[in-house]
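Chemist: protein.txt is reproduced in full below (compact mmCIF, C-alpha atoms).
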```
# COMPACT_ATOMS: atom_id res chain seq x y z
CA MET A 1 -10.55 158.08 69.88
CA ALA A 2 -8.88 155.42 67.77
CA ALA A 3 -7.79 151.89 68.49
CA GLU A 4 -4.07 151.22 68.13
CA ARG A 5 -4.79 148.16 66.00
CA PRO A 6 -7.88 146.26 64.81
CA LEU A 7 -9.08 143.85 67.48
CA GLN A 8 -9.42 140.96 65.07
CA ASP A 9 -5.67 141.21 64.41
CA VAL A 10 -4.81 140.53 68.05
CA GLN A 11 -2.57 137.48 68.27
CA VAL A 12 -3.31 135.24 71.26
CA ALA A 13 -0.59 132.74 72.08
CA ARG A 14 -2.60 131.07 74.85
CA GLY A 15 -6.20 131.29 76.00
CA ILE A 16 -9.47 131.95 74.20
CA GLN A 17 -9.34 134.68 71.57
CA SER A 18 -13.05 135.51 71.79
CA ILE A 19 -12.59 136.55 75.44
CA VAL A 20 -9.76 138.87 74.46
CA LEU A 21 -11.85 140.39 71.67
CA GLY A 22 -14.87 140.82 73.94
CA PHE A 23 -12.71 142.50 76.57
CA GLY A 24 -11.36 144.79 73.86
CA LEU A 25 -14.89 145.99 73.11
CA LEU A 26 -15.52 146.55 76.80
CA GLN A 27 -12.30 148.54 77.04
CA ILE A 28 -13.34 150.74 74.10
CA ILE A 29 -16.72 151.47 75.71
CA ALA A 30 -15.18 152.16 79.12
CA GLU A 31 -12.50 154.50 77.79
CA ALA A 32 -14.86 156.46 75.52
CA GLY A 33 -16.38 158.36 78.43
CA VAL A 34 -19.70 158.67 76.55
CA PRO A 35 -22.22 156.08 75.28
CA LEU A 36 -21.29 154.70 71.87
CA SER A 37 -23.29 153.54 68.88
CA LEU A 38 -22.81 150.13 67.33
CA LYS A 39 -21.30 151.79 64.28
CA ALA A 40 -18.77 153.68 66.39
CA ILE A 41 -17.79 150.55 68.33
CA GLY A 42 -17.33 148.64 65.09
CA SER A 43 -15.20 151.41 63.64
CA LEU A 44 -13.00 151.74 66.74
CA SER A 45 -12.54 147.99 67.06
CA GLY A 46 -11.95 147.25 63.42
CA MET A 47 -14.88 144.81 63.43
CA SER A 48 -17.94 144.86 61.26
CA PRO A 49 -21.02 146.10 63.20
CA SER A 50 -22.66 142.68 62.87
CA LYS A 51 -19.64 140.90 64.38
CA ALA A 52 -19.28 143.48 67.15
CA ARG A 53 -22.96 143.07 68.00
CA MET A 54 -22.50 139.32 68.57
CA TYR A 55 -19.92 140.08 71.27
CA LEU A 56 -22.00 142.90 72.72
CA ILE A 57 -25.00 140.59 73.17
CA SER A 58 -22.91 138.34 75.42
CA LEU A 59 -21.46 141.31 77.30
CA ILE A 60 -24.98 142.61 77.95
CA GLU A 61 -26.10 139.19 79.21
CA THR A 62 -23.24 139.15 81.74
CA GLY A 63 -23.88 142.71 82.90
CA MET A 64 -20.57 144.01 81.61
CA VAL A 65 -22.28 146.27 79.04
CA THR A 66 -25.70 147.90 78.94
CA GLN A 67 -27.70 149.32 76.00
CA ASN A 68 -30.11 152.20 76.28
CA PRO A 69 -33.45 150.91 74.88
CA GLU A 70 -34.31 154.31 73.37
CA SER A 71 -31.01 155.63 71.99
CA LEU A 72 -29.58 152.12 71.41
CA LEU A 73 -26.20 153.44 72.62
CA TYR A 74 -23.85 151.18 74.61
CA SER A 75 -22.32 151.98 78.02
CA VAL A 76 -20.45 150.15 80.77
CA GLY A 77 -22.82 147.74 82.53
CA PRO A 78 -23.75 147.36 86.19
CA TYR A 79 -21.59 144.33 86.87
CA ALA A 80 -18.52 146.00 85.38
CA LEU A 81 -19.15 148.95 87.69
CA ARG A 82 -19.42 146.62 90.70
CA LEU A 83 -16.16 144.94 89.75
CA GLY A 84 -14.47 148.31 89.54
CA SER A 85 -15.87 149.33 92.91
CA ARG A 86 -14.66 146.11 94.54
CA ALA A 87 -11.22 146.49 93.01
CA LEU A 88 -11.07 150.06 94.29
CA ARG A 89 -12.00 148.96 97.81
CA ARG A 90 -9.34 146.25 97.67
CA MET A 91 -6.75 148.74 96.46
CA GLU A 92 -7.67 151.14 99.23
CA LEU A 93 -7.34 148.43 101.87
CA ILE A 94 -3.90 147.51 100.56
CA THR A 95 -2.96 151.18 100.77
CA VAL A 96 -4.11 151.34 104.40
CA ALA A 97 -2.29 148.09 105.15
CA THR A 98 0.91 149.33 103.50
CA ASP A 99 0.80 152.55 105.53
CA ALA A 100 0.41 150.49 108.72
CA MET A 101 3.26 148.22 107.63
CA ASN A 102 5.53 151.21 107.02
CA GLU A 103 4.78 152.50 110.51
CA LEU A 104 5.40 149.05 112.00
CA GLN A 105 8.70 148.88 110.12
CA ARG A 106 9.66 152.32 111.45
CA GLN A 107 8.95 151.18 115.01
CA THR A 108 10.75 147.84 114.76
CA ARG A 109 13.34 148.28 111.97
CA ALA A 110 12.24 144.84 110.78
CA LEU A 111 10.87 143.54 107.48
CA VAL A 112 7.07 143.53 107.21
CA LEU A 113 5.17 141.43 104.65
CA LEU A 114 1.51 141.26 103.66
CA GLY A 115 0.19 137.92 102.44
CA ALA A 116 -3.12 137.21 100.69
CA TRP A 117 -4.82 133.93 99.75
CA SER A 118 -4.99 133.10 96.04
CA ASP A 119 -5.41 130.05 93.84
CA GLN A 120 -1.66 129.50 94.23
CA GLY A 121 -1.83 129.62 98.04
CA ILE A 122 -0.40 132.41 100.18
CA THR A 123 1.06 135.16 98.00
CA VAL A 124 3.09 138.17 99.17
CA VAL A 125 1.24 141.27 97.90
CA SER A 126 3.10 144.05 99.73
CA ARG A 127 6.29 144.55 101.74
CA SER A 128 7.98 147.21 103.82
CA GLU A 129 11.76 147.01 103.85
CA GLY A 130 13.48 146.41 107.16
CA GLY A 131 16.53 148.27 108.40
CA MET A 132 18.61 145.09 108.56
CA ALA A 133 20.23 143.05 105.83
CA GLN A 134 18.12 140.06 104.77
CA PRO A 135 19.87 136.75 103.99
CA LEU A 136 16.83 135.76 101.91
CA GLN A 137 14.64 137.63 99.47
CA PHE A 138 10.94 137.77 100.36
CA HIS A 139 9.69 139.29 97.11
CA ILE A 140 6.22 140.43 96.06
CA GLY A 141 4.53 137.55 94.28
CA GLY A 142 6.42 134.99 96.35
CA SER A 143 4.62 132.19 98.15
CA ALA A 144 4.60 130.98 101.76
CA SER A 145 4.16 127.59 103.38
CA LEU A 146 1.00 126.87 105.33
CA ALA A 147 2.71 124.46 107.70
CA GLY A 148 5.98 126.27 108.31
CA THR A 149 5.25 130.01 108.44
CA ALA A 150 3.45 132.38 110.78
CA ALA A 151 1.40 133.68 107.86
CA GLY A 152 0.42 130.11 107.02
CA HIS A 153 -0.80 129.55 110.57
CA ILE A 154 -2.93 132.72 110.37
CA PHE A 155 -4.63 131.43 107.23
CA LEU A 156 -5.10 127.98 108.75
CA ALA A 157 -6.74 129.62 111.77
CA PHE A 158 -8.96 132.21 110.11
CA GLY A 159 -9.05 131.61 106.36
CA PRO A 160 -11.62 129.66 104.30
CA GLN A 161 -11.27 126.28 105.97
CA GLU A 162 -12.72 124.23 103.11
CA GLN A 163 -9.97 125.51 100.81
CA ILE A 164 -7.00 125.84 103.11
CA TRP A 165 -6.88 122.61 105.12
CA PRO A 166 -7.00 120.37 102.03
CA ARG A 167 -4.14 122.48 100.65
CA LEU A 168 -2.23 121.82 103.88
CA SER A 169 -2.70 118.05 103.41
CA ASP A 170 -1.30 118.38 99.88
CA GLU A 171 1.65 120.38 101.20
CA LEU A 172 2.46 117.77 103.84
CA ALA A 173 2.04 114.97 101.30
CA GLY A 174 4.61 116.71 99.11
CA LEU A 175 7.21 116.35 101.88
CA GLY A 176 7.24 112.58 101.45
CA LEU A 177 6.39 111.90 105.09
CA SER A 178 5.35 108.51 106.32
CA LYS A 179 1.69 108.15 107.19
CA SER A 180 2.41 108.20 110.92
CA GLU A 181 4.64 111.28 110.62
CA HIS A 182 2.05 112.99 108.41
CA ASN A 183 -0.63 112.41 111.04
CA ARG A 184 1.69 113.52 113.83
CA ARG A 185 2.52 116.78 112.03
CA LEU A 186 -1.14 117.40 111.29
CA LYS A 187 -2.17 116.87 114.90
CA ALA A 188 0.62 119.13 116.15
CA LEU A 189 -0.48 121.85 113.75
CA GLU A 190 -4.09 121.55 114.90
CA THR A 191 -2.89 122.25 118.47
CA VAL A 192 -0.85 125.24 117.31
CA ILE A 193 -3.76 126.65 115.31
CA GLU A 194 -6.11 126.44 118.29
CA ALA A 195 -3.67 128.65 120.22
CA VAL A 196 -3.46 131.06 117.27
CA ARG A 197 -7.25 131.41 117.22
CA LYS A 198 -7.24 132.38 120.89
CA ARG A 199 -4.37 134.87 120.72
CA ARG A 200 -4.76 136.19 117.13
CA ILE A 201 -0.99 135.92 116.84
CA ALA A 202 1.15 133.29 115.13
CA GLN A 203 4.87 132.87 115.77
CA THR A 204 7.49 130.71 114.07
CA GLY A 205 11.22 130.45 114.27
CA PRO A 206 13.62 129.81 112.77
CA ILE A 207 12.32 131.11 109.43
CA SER A 208 11.35 128.47 106.87
CA PHE A 209 12.04 129.25 103.24
CA GLY A 210 11.42 126.79 100.44
CA ALA A 211 11.53 123.03 100.83
CA GLY A 212 13.57 122.08 103.85
CA VAL A 213 15.43 125.42 104.06
CA THR A 214 15.57 127.26 107.40
CA VAL A 215 17.47 130.35 108.52
CA SER A 216 18.65 130.52 112.12
CA GLY A 217 18.66 133.88 113.88
CA LEU A 218 15.39 135.03 112.30
CA ALA A 219 11.82 134.49 113.45
CA SER A 220 8.40 135.72 112.37
CA ILE A 221 5.21 137.01 113.93
CA ALA A 222 1.94 137.30 112.01
CA ALA A 223 -1.49 138.75 112.77
CA PRO A 224 -4.78 138.67 110.82
CA VAL A 225 -6.35 141.53 108.88
CA PHE A 226 -10.14 141.21 108.43
CA ASP A 227 -12.48 143.10 106.10
CA GLY A 228 -15.90 144.62 106.75
CA ALA A 229 -17.56 141.23 106.19
CA GLN A 230 -15.41 139.82 109.05
CA ARG A 231 -13.46 137.67 106.58
CA LEU A 232 -9.70 137.21 106.64
CA ARG A 233 -8.10 139.32 103.91
CA TYR A 234 -4.41 139.37 104.80
CA ALA A 235 -1.78 138.08 107.16
CA MET A 236 0.62 140.82 108.27
CA THR A 237 4.01 139.28 109.07
CA LEU A 238 7.04 140.73 110.83
CA ILE A 239 10.45 139.13 110.11
CA TYR A 240 12.90 139.98 112.90
CA PRO A 241 16.25 138.88 114.39
CA THR A 242 15.87 136.74 117.49
CA VAL A 243 18.40 138.65 119.60
CA GLY A 244 16.71 140.14 122.66
CA GLY A 245 14.84 137.06 123.84
CA GLY A 246 11.22 136.69 124.89
CA ARG A 247 10.69 140.27 126.04
CA ARG A 248 11.47 141.61 122.57
CA ARG A 249 9.28 138.93 120.98
CA ASP A 250 6.32 139.88 123.19
CA GLN A 251 6.76 143.56 122.37
CA LEU A 252 6.96 142.86 118.64
CA GLY A 253 3.86 140.67 118.89
CA ARG A 254 1.87 143.50 120.49
CA LEU A 255 3.02 145.98 117.85
CA THR A 256 2.20 143.60 114.98
CA LEU A 257 -1.26 142.83 116.35
CA LYS A 258 -1.92 146.54 116.91
CA ALA A 259 -0.97 147.35 113.29
CA ALA A 260 -3.13 144.53 111.88
CA ASP A 261 -6.08 145.47 114.11
CA HIS A 262 -5.82 149.08 112.92
CA VAL A 263 -6.22 147.98 109.30
CA SER A 264 -9.14 145.72 110.25
CA HIS A 265 -10.89 148.59 112.03
CA VAL A 266 -10.43 150.87 109.00
CA ALA A 267 -11.99 148.13 106.84
CA GLY A 268 -15.01 148.06 109.15
CA ALA A 269 -14.16 144.78 110.92
CA ASP A 270 -14.27 143.86 114.58
CA PRO A 271 -11.08 141.75 114.70
CA ILE A 272 -11.90 140.12 118.03
CA ALA A 273 -15.37 139.08 116.88
CA ALA A 274 -14.06 137.99 113.47
CA ALA A 275 -11.51 135.70 115.11
CA ARG A 276 -14.17 133.72 116.99
```
Once more with this new file: its structure as structure tokens, please.
Modeler:
Amino acid sequence: MAAERPLQDVQVARGIQSIVLGFGLLQIIAEAGVPLSLKAIGSLSGMSPSKARMYLISLIETGMVTQNPESLLYSVGPYALRLGSRALRRMELITVATDAMNELQRQTRALVLLGAWSDQGITVVSRSEGGMAQPLQFHIGGSASLAGTAAGHIFLAFGPQEQIWPRLSDELAGLGLSKSEHNRRLKALETVIEAVRKRRIAQTGPISFGAGVTVSGLASIAAPVFDGAQRLRYAMTLIYPTVGGGRRRDQLGRLTLKAADHVSHVAGADPIAAAR
């Protein structure tokens, strides 16, 4: 095994170079498939053994690398293994969710989106194409409003409250509302969210997209997906044309909730208990 280029030659435009170099050592150890000596790690990384050891000490302290006390060989550490396991579980849940979304799309011929909470707010992490032309692009990596979307209402109802409600206040503040209008919108949303908690379904229409942009003729329904720890992981959202009236909306709501509940059950959650 040989590194493509010495790690100390890595050019880092932004960020902290020592983190990149340390991760490079971890990558070498992980990809080796066998425990490595300090000399081998230094050779593969292009570092001197003494310099490589300085990084390895920190990696051992964080649990990313472990060293056998007898052979002195280095292997992937326990925390790195836990991170990998968690990432695998997350990937598997997305796979289950995507399969459920594809089935929901087949049943409804509508667009289905999966939103997750991140530092940037609600982010679209998966989608299943609908059978109808979309006037707007809901792309993976795109964001969604907390106040104006069904997915946003799901996160307001079931997500980490200490993070999400302050973000809602920031979102409303960004609209330039008067103080009285801000308070009125907030109170109205609180009433809506109470209903969402009871029904485990959020509905909005017409569709909101971007600042002040709405699309008539389209509406959305969203339902929560919980994990085995009974925490909200995703909001599954159906984007559909409003032709057909309330009967079609009720049917689509039942199908969306059924799909989301299926994913929650596979993850080991009790969606009804988690929603309380």
Chemist: Identify, on the basis of all atoms listed in the file, every residue whose closest approach to Gln120 (chain A) does not exceed 12 Å; exclude the query and any residue fewer than 2 positions from it along the same chain; express the result as a count of residues only.
Modeler: 17
Chemist: Which residue out of A:Val192, A:Ala267, A:Leu59, A:Ala32 has the minimum interatomic distance to Ile19 (chain A) when all atoms listed in the file are used?
Modeler: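 For Ile19 (chain A), the nearest of the candidates is A:Leu59.
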Chemist: Please indicate the distance in Å from CA of Gly63 (chain A) to CA of Val76 (chain A), rounded to one decimal place.
Modeler: 8.5 Å
Chemist: Looking at A:Ile272, A:Ala223, A:Ile140, A:Ile207, which one is nearest to Pro241 (chain A), with distances taken over only C-alpha atoms?
Modeler: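 Counting only C-alpha atoms, the residue closest to Pro241 (chain A) is A:Ile207.
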Chemist: Write out as a Markdown table a residue-level contact list of region 168-268 of chain A versus region 102-110 of chain A with cut-off 8 Å: for each qualifying residue the closest pair of atoms and the distance in Å to one decimal, counting only C-alpha atoms, rows sorted by chain and residue number upward.
Modeler:
```
| residue | atom | partner | partner_atom | distance |
| --- | --- | --- | --- | --- |
| A:Leu238 | CA | A:Ala110 | CA | 6.6 |
| A:Ile239 | CA | A:Ala110 | CA | 6.0 |
| A:Tyr240 | CA | A:Ala110 | CA | 5.3 |
| A:Leu252 | CA | A:Thr108 | CA | 7.4 |
| A:Leu255 | CA | A:Leu104 | CA | 7.0 |
| A:Thr256 | CA | A:Leu104 | CA | 7.0 |
| A:Ala259 | CA | A:Leu104 | CA | 6.7 |
```
Chemist: Excluding Thr149 (chain A) and any residue of its chain fewer than 6 positions from it, enumerate the residues within 9 Å of it, using all atoms listed in the file, and give them as a list in words.
Modeler: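 Residues near the query, excluding close chain neighbours: Ala202, Gln203, Thr204, Gly205, Ile207, Ser208, Phe209, Ser220, Ile221 and Ala222 of chain A.
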Chemist: Quote the spacing between CA of Pro271 (chain A) and CA of Val125 (chain A) in Å to one decimal place.
Modeler: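 Here the two named atoms are 20.8 Å from each other.
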Chemist: As an exercise, work out the distance from CA of Ala269 (chain A) to CA of Leu93 (chain A) in Å and give it to one decimal place.
Modeler: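 These atoms are spaced 11.9 Å apart.
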Chemist: Of the residues A:Lys258, A:Arg249, A:Arg200, A:His265, which is the one nearest to Phe226 (chain A), using all atoms listed in the file?
Modeler: A:His265
Chemist: Pick the closest to Ala30 (chain A) from A:Ser75, A:Thr62, A:Asn68, A:Ser43: which is it, counting only C-alpha atoms?
Modeler: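 Residue with the minimum atom-to-atom distance to Ala30 (chain A): A:Ser75.
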Chemist: Rank A:Arg276, A:Arg197, A:Arg184, A:His139 by their smallest atom-to-atom distance to Phe155 (chain A), using all atoms listed in the file, and report the top residue only.
Modeler: A:Arg197
